[in-house]
file input_39.tsv (TSV, C-alpha atoms)
chain	number	residue	atom	x	y	z
A	60	MET	CA	0.00	0.00	0.00
A	61	ALA	CA	1.34	3.44	-0.95
A	62	VAL	CA	2.15	6.05	1.70
A	63	ASP	CA	-1.00	8.06	0.91
A	64	GLY	CA	-3.11	4.92	1.13
A	65	ARG	CA	-1.64	4.02	4.50
A	66	LEU	CA	-2.20	7.53	5.81
A	67	ARG	CA	-5.84	7.31	4.77
A	68	ALA	CA	-6.08	3.92	6.46
A	69	VAL	CA	-4.71	5.36	9.72
A	70	VAL	CA	-7.19	8.25	9.60
A	71	ALA	CA	-10.07	5.88	8.83
A	72	LEU	CA	-9.10	3.63	11.75
A	73	ALA	CA	-8.94	6.57	14.15
A	74	GLN	CA	-12.30	7.88	12.96
A	75	ALA	CA	-13.97	4.47	13.24
A	76	MET	CA	-12.78	4.01	16.81
A	77	ALA	CA	-13.76	7.57	17.73
A	78	ALA	CA	-17.28	6.90	16.44
A	79	ALA	CA	-17.68	3.77	18.57
A	80	THR	CA	-20.05	4.15	21.52
A	81	THR	CA	-19.31	0.89	23.35
A	82	PRO	CA	-16.15	-1.12	24.07
A	83	ARG	CA	-17.26	-3.88	21.71
A	84	GLU	CA	-17.81	-1.43	18.88
A	85	SER	CA	-14.37	0.02	19.55
A	86	TRP	CA	-12.69	-3.41	19.55
A	87	ARG	CA	-14.43	-4.41	16.34
A	88	ALA	CA	-13.53	-1.13	14.63
A	89	ALA	CA	-9.89	-1.62	15.66
A	90	ALA	CA	-9.69	-5.17	14.33
A	91	LEU	CA	-11.49	-4.49	11.06
A	92	GLY	CA	-9.59	-1.25	10.45
A	93	ALA	CA	-6.21	-2.90	10.99
A	94	CYS	CA	-7.23	-5.90	8.90
A	95	GLY	CA	-8.12	-3.69	5.94
A	96	ALA	CA	-5.09	-1.44	6.33
A	97	LEU	CA	-2.72	-4.43	6.22
A	98	SER	CA	-4.63	-6.26	3.47
A	99	GLY	CA	-5.28	-9.11	5.86
A	100	SER	CA	-8.12	-11.61	5.90
A	101	PHE	CA	-8.49	-11.88	9.67
A	102	ALA	CA	-7.69	-9.79	12.74
A	103	ALA	CA	-8.01	-10.17	16.48
A	104	LEU	CA	-7.57	-7.90	19.47
A	105	SER	CA	-6.44	-9.40	22.79
A	106	VAL	CA	-5.82	-8.00	26.25
A	107	TRP	CA	-3.17	-9.17	28.69
A	108	GLU	CA	-4.85	-9.94	32.03
A	109	ARG	CA	-1.87	-9.82	34.34
A	110	GLU	CA	-3.72	-10.93	37.45
A	111	ARG	CA	-4.79	-14.14	35.69
A	112	GLY	CA	-1.65	-14.63	33.64
A	113	ARG	CA	-3.48	-14.92	30.36
A	114	LEU	CA	-4.26	-13.34	27.03
A	115	ARG	CA	-8.01	-12.89	26.57
A	116	VAL	CA	-9.35	-12.44	23.04
A	117	LEU	CA	-11.77	-9.52	22.88
A	118	VAL	CA	-12.79	-9.75	19.23
A	119	ASN	CA	-12.20	-11.87	16.13
A	120	ALA	CA	-12.94	-10.03	12.88
A	121	GLY	CA	-12.82	-10.85	9.19
A	122	GLU	CA	-12.78	-14.39	7.81
A	123	ARG	CA	-13.19	-16.42	10.99
A	124	ALA	CA	-12.52	-20.14	11.33
A	125	PRO	CA	-15.40	-22.37	12.52
A	126	ASP	CA	-14.07	-22.31	16.10
A	127	GLU	CA	-13.70	-18.52	16.24
A	128	GLU	CA	-16.53	-16.37	17.63
A	129	GLU	CA	-16.69	-12.65	16.92
A	130	PHE	CA	-16.88	-11.76	20.62
A	131	PRO	CA	-15.70	-14.89	22.43
A	132	GLU	CA	-16.75	-15.31	26.02
A	133	SER	CA	-13.91	-17.58	27.06
A	134	GLU	CA	-11.13	-17.65	24.43
A	135	THR	CA	-8.03	-17.26	26.56
A	136	TYR	CA	-4.41	-18.39	26.32
A	137	PRO	CA	-1.87	-18.74	29.16
A	138	VAL	CA	0.90	-16.19	28.66
A	139	ASN	CA	3.51	-18.85	29.25
A	140	ARG	CA	2.60	-20.15	25.79
A	141	PHE	CA	3.36	-16.71	24.36
A	142	PRO	CA	6.55	-15.59	26.13
A	143	GLU	CA	6.82	-12.44	24.01
A	144	ILE	CA	3.95	-10.99	26.06
A	145	THR	CA	6.05	-10.86	29.21
A	146	GLU	CA	9.45	-10.63	27.53
A	147	PHE	CA	9.19	-8.85	24.20
A	148	LEU	CA	6.21	-6.63	25.01
A	149	HIS	CA	7.27	-5.71	28.50
A	150	GLU	CA	10.90	-6.31	29.40
A	151	ARG	CA	12.44	-5.23	26.12
A	152	TRP	CA	10.22	-2.19	25.79
A	153	ALA	CA	10.61	-1.17	29.45
A	154	GLY	CA	14.36	-1.47	28.98
A	155	GLY	CA	14.34	1.33	26.43
A	156	GLY	CA	13.49	-0.53	23.24
A	157	GLU	CA	10.55	0.18	20.99
A	158	PRO	CA	7.33	-1.89	21.05
A	159	ASP	CA	7.85	-3.12	17.49
A	160	ALA	CA	5.63	-5.62	15.72
A	161	TRP	CA	6.90	-8.90	14.31
A	162	VAL	CA	5.90	-11.42	11.66
A	163	GLU	CA	5.36	-15.16	11.94
A	164	THR	CA	4.53	-17.70	9.23
A	165	ALA	CA	3.13	-21.19	9.10
A	166	GLN	CA	6.77	-22.32	8.81
A	167	GLY	CA	8.11	-20.28	11.71
A	168	PRO	CA	9.19	-16.73	12.60
A	169	ALA	CA	9.92	-14.32	9.77
A	170	THR	CA	11.18	-11.37	11.82
A	171	PRO	CA	14.92	-11.51	12.62
A	172	GLY	CA	15.70	-11.68	16.30
A	173	HIS	CA	12.31	-12.99	17.29
A	174	GLY	CA	12.00	-16.46	18.74
A	175	TYR	CA	9.94	-19.35	17.51
A	176	CYS	CA	6.40	-19.50	18.92
A	177	HIS	CA	4.98	-22.96	18.35
A	178	GLN	CA	1.46	-21.96	19.46
A	179	ARG	CA	1.08	-19.23	16.84
A	180	VAL	CA	2.57	-21.35	14.08
A	181	ALA	CA	0.29	-24.26	14.96
A	182	ALA	CA	-2.72	-21.93	14.97
A	183	LEU	CA	-1.83	-20.58	11.53
A	184	ARG	CA	-1.59	-24.09	10.11
A	185	ARG	CA	-4.75	-25.28	11.81
A	186	ARG	CA	-6.81	-22.41	10.45
A	187	GLY	CA	-5.38	-22.35	6.94
A	188	ARG	CA	-3.50	-19.09	7.29
A	189	GLY	CA	-0.06	-18.45	5.90
A	190	CYS	CA	1.30	-15.65	8.05
A	191	CYS	CA	0.49	-13.10	10.72
A	192	VAL	CA	1.82	-9.84	12.07
A	193	VAL	CA	1.63	-9.24	15.80
A	194	ALA	CA	1.80	-5.70	17.18
A	195	PRO	CA	2.02	-4.91	20.91
A	196	ILE	CA	-0.47	-2.39	22.24
A	197	VAL	CA	1.00	-0.10	24.90
A	198	LEU	CA	-1.44	1.88	27.02
A	199	HIS	CA	-0.60	4.25	29.88
A	200	GLY	CA	3.04	3.21	29.64
A	201	ARG	CA	2.35	-0.51	30.04
A	202	ALA	CA	1.92	-3.43	27.70
A	203	TRP	CA	-1.88	-3.74	27.37
A	204	GLY	CA	-2.24	-6.54	24.83
A	205	GLU	CA	-1.78	-7.20	21.15
A	206	LEU	CA	-3.16	-6.61	17.69
A	207	TYR	CA	-3.00	-9.68	15.44
A	208	VAL	CA	-3.59	-9.62	11.67
A	209	ALA	CA	-3.32	-12.69	9.43
A	210	ARG	CA	-3.33	-13.49	5.72
A	211	PRO	CA	-4.37	-16.72	3.96
A	212	GLU	CA	-1.84	-19.28	2.74
A	213	ALA	CA	-1.83	-18.06	-0.86
A	214	ALA	CA	-1.27	-14.38	0.05
A	215	PRO	CA	2.14	-12.68	0.17
A	216	VAL	CA	3.95	-12.92	3.50
A	217	PHE	CA	4.05	-9.75	5.60
A	218	GLY	CA	7.31	-7.84	5.24
A	219	ARG	CA	9.30	-5.51	7.45
A	220	GLU	CA	7.36	-2.49	6.17
A	221	ASP	CA	4.11	-4.21	7.09
A	222	ALA	CA	5.40	-4.87	10.60
A	223	ASP	CA	6.42	-1.22	10.97
A	224	PHE	CA	2.99	-0.12	9.75
A	225	ALA	CA	1.33	-2.54	12.19
A	226	THR	CA	3.25	-0.80	14.99
A	227	VAL	CA	1.75	2.52	13.89
A	228	LEU	CA	-1.73	1.00	13.72
A	229	ALA	CA	-1.30	-0.44	17.22
A	230	SER	CA	-0.53	3.03	18.58
A	231	VAL	CA	-3.71	4.36	16.94
A	232	VAL	CA	-5.66	1.47	18.47
A	233	ALA	CA	-4.15	2.26	21.88
A	234	ALA	CA	-5.33	5.87	21.60
A	235	GLY	CA	-8.81	4.68	20.64
A	236	ILE	CA	-8.96	2.24	23.54
A	237	ALA	CA	-7.88	4.97	25.95
A	238	GLN	CA	-10.71	7.17	24.69
A	239	THR	CA	-13.23	4.34	25.06
A	240	GLU	CA	-12.01	3.64	28.60
A	241	ARG	CA	-12.45	7.31	29.50
A	242	LEU	CA	-15.98	7.35	28.11
A	243	GLU	CA	-16.83	4.15	29.97
A	244	GLU	CA	-15.47	5.64	33.19
A	245	VAL	CA	-17.61	8.75	32.70
A	246	ARG	CA	-20.66	6.57	32.09
A	247	ARG	CA	-19.84	4.44	35.09
A	248	LEU	CA	-19.50	7.46	37.35
A	249	ALA	CA	-22.74	8.94	36.01
A	250	PHE	CA	-24.65	5.84	37.08
A	251	THR	CA	-22.71	4.86	40.22
A	252	ASP	CA	-22.98	5.91	43.85
A	253	PRO	CA	-19.45	6.96	44.85
A	254	LEU	CA	-19.67	5.81	48.48
A	255	THR	CA	-21.03	2.28	48.04
A	256	GLY	CA	-20.18	1.50	44.43
A	257	LEU	CA	-23.84	0.54	43.86
A	258	ALA	CA	-25.99	2.01	41.12
A	259	ASN	CA	-27.38	5.48	41.77
A	260	ARG	CA	-30.85	6.98	41.34
A	261	ARG	CA	-30.23	7.83	37.68
A	262	ALA	CA	-29.45	4.19	36.98
A	263	VAL	CA	-32.60	3.13	38.85
A	264	ASP	CA	-34.75	5.49	36.76
A	265	THR	CA	-33.32	4.05	33.55
A	266	ARG	CA	-33.57	0.42	34.63
A	267	LEU	CA	-37.10	0.76	35.99
A	268	ASP	CA	-38.37	2.45	32.84
A	269	GLU	CA	-36.87	-0.34	30.73
A	270	ALA	CA	-38.30	-3.03	33.02
A	271	LEU	CA	-41.81	-1.56	32.96
A	272	GLU	CA	-41.65	-1.31	29.18
A	273	GLN	CA	-40.95	-5.03	29.05
A	274	HIS	CA	-43.71	-5.65	31.60
A	275	ARG	CA	-46.18	-3.89	29.32
A	276	ALA	CA	-44.93	-5.87	26.34
A	277	ASP	CA	-44.96	-9.41	27.74
A	278	GLY	CA	-46.17	-9.30	31.33
A	279	SER	CA	-42.75	-9.86	32.94
A	280	VAL	CA	-42.88	-9.28	36.68
A	281	VAL	CA	-41.24	-6.06	37.86
A	282	SER	CA	-40.53	-5.57	41.55
A	283	LEU	CA	-39.12	-2.73	43.58
A	284	VAL	CA	-37.69	-3.13	47.08
A	285	VAL	CA	-37.07	0.11	48.99
A	286	CYS	CA	-34.98	0.01	52.17
A	287	ASP	CA	-34.29	2.64	54.81
A	288	VAL	CA	-31.29	2.02	57.08
A	289	ASN	CA	-32.43	2.38	60.68
A	290	GLY	CA	-30.23	4.14	63.22
A	291	LEU	CA	-27.96	5.97	60.79
A	292	LYS	CA	-28.55	9.37	62.43
A	293	GLN	CA	-27.69	8.00	65.84
A	294	VAL	CA	-24.49	6.46	64.50
A	295	ASN	CA	-23.55	9.76	62.84
A	296	ASP	CA	-24.32	11.75	66.01
A	297	THR	CA	-22.56	9.47	68.46
A	298	GLN	CA	-19.72	7.92	66.46
A	299	GLY	CA	-19.16	10.33	63.61
A	300	HIS	CA	-19.98	10.44	59.93
A	301	ALA	CA	-17.03	8.26	58.96
A	302	VAL	CA	-18.58	5.41	60.97
A	303	GLY	CA	-21.97	6.25	59.47
A	304	ASP	CA	-20.45	5.94	56.01
A	305	ARG	CA	-19.04	2.57	57.00
A	306	LEU	CA	-22.54	1.45	57.95
A	307	LEU	CA	-23.85	2.53	54.55
A	308	GLU	CA	-20.99	0.74	52.80
A	309	ARG	CA	-21.58	-2.47	54.74
A	310	PHE	CA	-25.28	-2.43	54.13
A	311	GLY	CA	-24.55	-1.78	50.45
A	312	SER	CA	-22.50	-4.97	50.40
A	313	VAL	CA	-25.33	-6.92	52.03
A	314	LEU	CA	-27.80	-5.47	49.52
A	315	SER	CA	-25.54	-6.45	46.63
A	316	LEU	CA	-25.21	-9.98	48.01
A	317	CYS	CA	-28.98	-10.39	48.35
A	318	GLY	CA	-29.61	-8.83	44.96
A	319	ALA	CA	-27.34	-11.44	43.40
A	320	MET	CA	-29.83	-14.11	44.53
A	321	LEU	CA	-32.30	-12.72	42.00
A	322	PRO	CA	-31.02	-12.87	38.38
A	323	GLY	CA	-30.74	-9.53	36.63
A	324	THR	CA	-31.32	-7.44	39.75
A	325	LEU	CA	-30.05	-3.88	40.07
A	326	ALA	CA	-28.88	-2.90	43.57
A	327	ALA	CA	-28.78	0.83	44.19
A	328	ARG	CA	-28.46	3.62	46.71
A	329	LEU	CA	-31.12	6.26	46.16
A	330	GLY	CA	-29.42	8.75	48.47
A	331	GLY	CA	-28.88	9.28	52.18
A	332	ASP	CA	-30.00	6.15	54.03
A	333	GLU	CA	-32.31	4.90	51.25
A	334	PHE	CA	-31.47	1.91	49.06
A	335	CYS	CA	-33.40	-0.23	46.62
A	336	LEU	CA	-33.47	-3.34	44.46
A	337	VAL	CA	-35.07	-3.40	41.00
A	338	THR	CA	-35.91	-6.84	39.63
A	339	LEU	CA	-37.26	-8.02	36.31
A	340	GLY	CA	-38.42	-11.62	35.97
A	341	PRO	CA	-38.36	-13.20	39.45
A	342	SER	CA	-41.76	-13.77	41.00
A	343	ALA	CA	-43.14	-11.56	43.77
A	344	ASP	CA	-42.72	-14.42	46.26
A	345	GLU	CA	-39.05	-14.83	45.33
A	346	VAL	CA	-38.46	-11.11	45.80
A	347	VAL	CA	-40.23	-11.11	49.18
A	348	ASP	CA	-38.17	-14.11	50.34
A	349	VAL	CA	-34.92	-12.35	49.44
A	350	SER	CA	-36.14	-9.14	51.07
A	351	ASP	CA	-36.85	-11.11	54.24
A	352	ASP	CA	-33.29	-12.47	54.15
A	353	LEU	CA	-32.02	-8.91	53.58
A	354	CYS	CA	-33.78	-7.73	56.74
A	355	VAL	CA	-32.22	-10.57	58.75
A	356	ARG	CA	-28.71	-9.88	57.45
A	357	ALA	CA	-29.05	-6.13	58.03
A	358	LYS	CA	-30.10	-6.72	61.64
A	359	GLU	CA	-26.92	-8.74	62.16
A	360	LEU	CA	-24.64	-5.85	61.16
A	361	GLU	CA	-22.57	-4.54	64.06
A	362	LEU	CA	-23.70	-1.00	63.27
A	363	GLY	CA	-27.21	0.44	62.93
A	364	GLU	CA	-30.54	-1.07	63.82
A	365	GLY	CA	-31.43	-3.07	60.74
A	366	VAL	CA	-33.63	-1.77	57.94
A	367	ALA	CA	-37.22	-0.89	57.20
A	368	CYS	CA	-38.09	-2.65	53.97
A	369	GLY	CA	-41.02	-2.16	51.59
A	370	VAL	CA	-41.84	-4.20	48.50
A	371	ALA	CA	-44.05	-3.42	45.50
A	372	SER	CA	-44.39	-5.94	42.70
A	373	THR	CA	-46.51	-6.22	39.59
A	374	GLY	CA	-46.84	-9.87	40.60
A	375	ASP	CA	-49.08	-8.84	43.51
A	376	PRO	CA	-52.61	-7.34	43.37
A	377	ILE	CA	-51.58	-3.69	43.23
A	378	GLY	CA	-53.54	-2.70	40.13
A	379	GLU	CA	-52.19	-1.42	36.87
A	380	VAL	CA	-48.71	0.08	37.02
A	381	ARG	CA	-48.41	2.69	34.31
A	382	SER	CA	-45.24	4.40	35.48
A	383	ALA	CA	-42.20	4.12	37.68
A	384	ARG	CA	-43.74	6.73	39.96
A	385	ARG	CA	-46.64	4.44	40.81
A	386	LEU	CA	-44.34	1.56	41.74
A	387	PHE	CA	-42.18	3.89	43.83
A	388	ARG	CA	-45.18	5.30	45.66
A	389	LEU	CA	-46.31	1.80	46.58
A	390	ALA	CA	-42.84	0.62	47.64
A	391	ASP	CA	-42.31	3.84	49.62
A	392	ALA	CA	-45.66	3.44	51.35
A	393	ALA	CA	-44.76	-0.17	52.25
A	394	GLN	CA	-41.39	0.94	53.56
A	395	TYR	CA	-42.98	3.77	55.55
A	396	ARG	CA	-45.43	1.29	57.05
A	397	ALA	CA	-42.56	-1.06	57.97
A	398	LYS	CA	-40.66	1.76	59.66
A	399	ALA	CA	-43.68	3.00	61.61
A	400	ALA	CA	-44.50	-0.52	62.80
A	401	ARG	CA	-40.81	-1.36	63.48
A	402	SER	CA	-41.42	-4.47	61.41
A	403	PRO	CA	-38.52	-6.95	61.34
A	404	LYS	CA	-39.84	-8.23	58.00
A	405	PRO	CA	-40.60	-6.52	54.70
A	406	VAL	CA	-44.05	-5.01	54.27
A	407	VAL	CA	-45.53	-5.82	50.87
A	408	ALA	CA	-47.91	-3.64	48.86
A	409	GLY	CA	-51.03	-5.58	47.90
A	410	ARG	CA	-50.68	-7.89	50.91
A	411	ASP	CA	-51.40	-5.14	53.42
A	412	GLY	CA	-54.43	-2.93	52.82
A	413	THR	CA	-52.90	-0.09	54.76
A	414	VAL	CA	-50.14	0.27	52.20
A	415	MET	CA	-52.53	0.75	49.30
A	416	ARG	CA	-54.52	3.39	51.19
A	417	LEU	CA	-51.33	5.12	52.30
A	418	ALA	CA	-49.96	5.25	48.76
A	419	ASP	CA	-53.19	6.69	47.38
A	420	SER	CA	-53.69	9.29	50.13
A	421	PRO	CA	-52.13	12.77	50.13
A	422	PRO	CA	-49.20	13.10	52.58
A	423	ARG	CA	-50.21	14.60	55.90
A	424	SER	CA	-47.07	16.65	56.49
A	425	ALA	CA	-43.90	17.83	54.84
A	426	GLN	CA	-41.98	15.05	56.62
A	427	ASP	CA	-44.40	12.41	55.37
A	428	ARG	CA	-44.30	13.93	51.90
A	429	ARG	CA	-40.60	13.15	51.72
A	430	ARG	CA	-41.51	9.48	51.89
A	431	PHE	CA	-43.43	9.62	48.63
A	432	ARG	CA	-41.99	10.50	45.30
A	433	ASP	CA	-44.25	13.26	44.00
A	434	ALA	CA	-47.58	11.94	45.25
A	435	ARG	CA	-49.63	13.67	42.60
A	436	PRO	CA	-52.86	12.36	41.08
A	437	GLU	CA	-52.62	9.21	38.98
A	438	ALA	CA	-53.47	11.20	35.86
A	439	GLU	CA	-50.14	13.00	36.10
A	440	GLU	CA	-48.04	9.86	36.39
A	441	ASP	CA	-46.80	9.81	32.82
A	442	GLU	CA	-44.18	12.42	33.71
A	443	PRO	CA	-40.65	11.15	34.61
A	444	TRP	CA	-40.21	10.39	38.30
A	445	SER	CA	-38.04	12.76	40.26
A	446	GLU	CA	-37.26	12.87	43.92
A	447	PRO	CA	-38.41	16.06	45.69
call {"tool": "encode", "arguments": {"input": "input_39.tsv", "output": "structure tokens"}}
result
Amino acid sequence: MAVDGRLRAVVALAQAMAAATTPRESWRAAALGACGALSGSFAALSVWERERGRLRVLVNAGERAPDEEEFPESETYPVNRFPEITEFLHERWAGGGEPDAWVETAQGPATPGHGYCHQRVAALRRRGRGCCVVAPIVLHGRAWGELYVARPEAAPVFGREDADFATVLASVVAAGIAQTERLEEVRRLAFTDPLTGLANRRAVDTRLDEALEQHRADGSVVSLVVCDVNGLKQVNDTQGHAVGDRLLERFGSVLSLCGAMLPGTLAARLGGDEFCLVTLGPSADEVVDVSDDLCVRAKELELGEGVACGVASTGDPIGEVRSARRLFRLADAAQYRAKAARSPKPVVAGRDGTVMRLADSPPRSAQDRRRFRDARPEAEEDEPWSEP
């Protein structure tokens, strides 16, 4: 490929990765862009997972063999089978050398000074490929993984110029991955509670809207569990806010553990001492059982006085649920009832007549009003829920 053609290929690769909105889109754009730029037939992007001592394949693009998935869930290789990961990619580069790419063929290495890697050669032969170029990806000053591009048996073998160009492409890929990681971190922070690491209210709004949309489409059961940590103010007043934060963190861990018992559950902190679980699929009885276990575990914490827990589920006789606000009002009313009664168990909307009346009645005071998320008439419930 001429210099102008390669420059255009680099620009196209950078633009494709910049346009990606998810990690998978970014990985795929990187592999396909490098594959086209190097006139390859196949490309893969792999990450070096140091803590597990393995290379994990993120994406396979182009002409895949029957055993190659585009986004494999479990295609990994021990790094001891690919010593260049720890030696060539790390030691040589860290020692002042450049993270250059190299070429291997179905007959053995083609790049001078690079050792024989039986695993790669065997893979080329097994999949009917004639050669490959492997380029290290360096991110934040560390070896991150590798870009791999292959050609079929009948195609010309990659040369030194191709390897040099692959090194350039790998640096463009590294920049794209760094951008994707930054975007993912921003998204994560936007939907994460910084103290507990649980989801935040924004994430709950999004998840609940999606869940109710599916409920309207196919009748899937949607449940909301709202919890209020008892005794937090006393802990803050007598032992300090740092200890109070520790109580919130520990309860967050318990909530996460219990949420994991229900597939697809979102565990979140709404703010202050209020937490919740959003479930889609599990029956109301399953949700109530887990909520009961949550109350028991919370009571066993060394700090605080357990939790007041309210449950509202479309699987119970609570009437039509047209919006997230309605489900929140019911769960809040159940939680308020549990707190007032000092109930050691969850109170469930639809199984306690008081809860339904409480949810449908105007709040009696400003303090009570805080327990209900915008308790306006049902006719206004199509507006997005927002906490007062």
call {"tool": "residues_around", "arguments": {"input": "input_39.tsv", "residues": "range 369-378 of chain A", "least_positions_apart": "4", "cutoff": "8 Å", "atoms": "all atoms listed in the file", "output": "number ranges by chain"}}
result
A: 280-286, 342-343, 347, 350, 386-387, 389-397, 405-410, 415
call {"tool": "closest_atom_pairs", "arguments": {"input": "input_39.tsv", "of": "range 201-280 of chain A", "to": "range 300-310 of chain A", "cutoff": "12 Å", "atoms": "all atoms listed in the file", "output": "CSV"}}
result
residue,atom,partner,partner_atom,distance
A:Asp252,CA,A:Glu308,CA,10.5
A:Pro253,CA,A:Glu308,CA,10.2
A:Leu254,CA,A:Glu308,CA,6.8
A:Thr255,CA,A:Glu308,CA,5.0
A:Gly256,CA,A:Glu308,CA,8.4
A:Leu257,CA,A:Glu308,CA,9.4
call {"tool": "closest_residue", "arguments": {"input": "input_39.tsv", "among": "A:Glu132, A:Glu269, A:Asp159, A:Glu243", "to": "Ala383 in chain A", "atoms": "all atoms listed in the file"}}
result
A:Glu269
call {"tool": "closest_residue", "arguments": {"input": "input_39.tsv", "among": "A:Glu361, A:Glu220, A:Glu129, A:Glu345", "to": "Arg87 in chain A", "atoms": "only C-alpha atoms"}}
result
A:Glu129
call {"tool": "closest_residue", "arguments": {"input": "input_39.tsv", "among": "A:Glu379, A:Glu122, A:Asp287, A:Glu108", "to": "Arg328 in chain A", "atoms": "all atoms listed in the file"}}
result
A:Asp287
call {"tool": "atom_distance", "arguments": {"input": "input_39.tsv", "atom1": "CA of Leu198 in chain A", "atom2": "CA of Ala258 in chain A"}}
result
28.3 Å
call {"tool": "closest_residue", "arguments": {"input": "input_39.tsv", "among": "A:Asp221, A:Arg260, A:Asp351, A:Ser279", "to": "Gly330 in chain A", "atoms": "all atoms listed in the file"}}
result
A:Arg260
call {"tool": "atom_distance", "arguments": {"input": "input_39.tsv", "atom1": "CA of Arg385 in chain A", "atom2": "CA of Cys354 in chain A"}}
result
23.8 Å
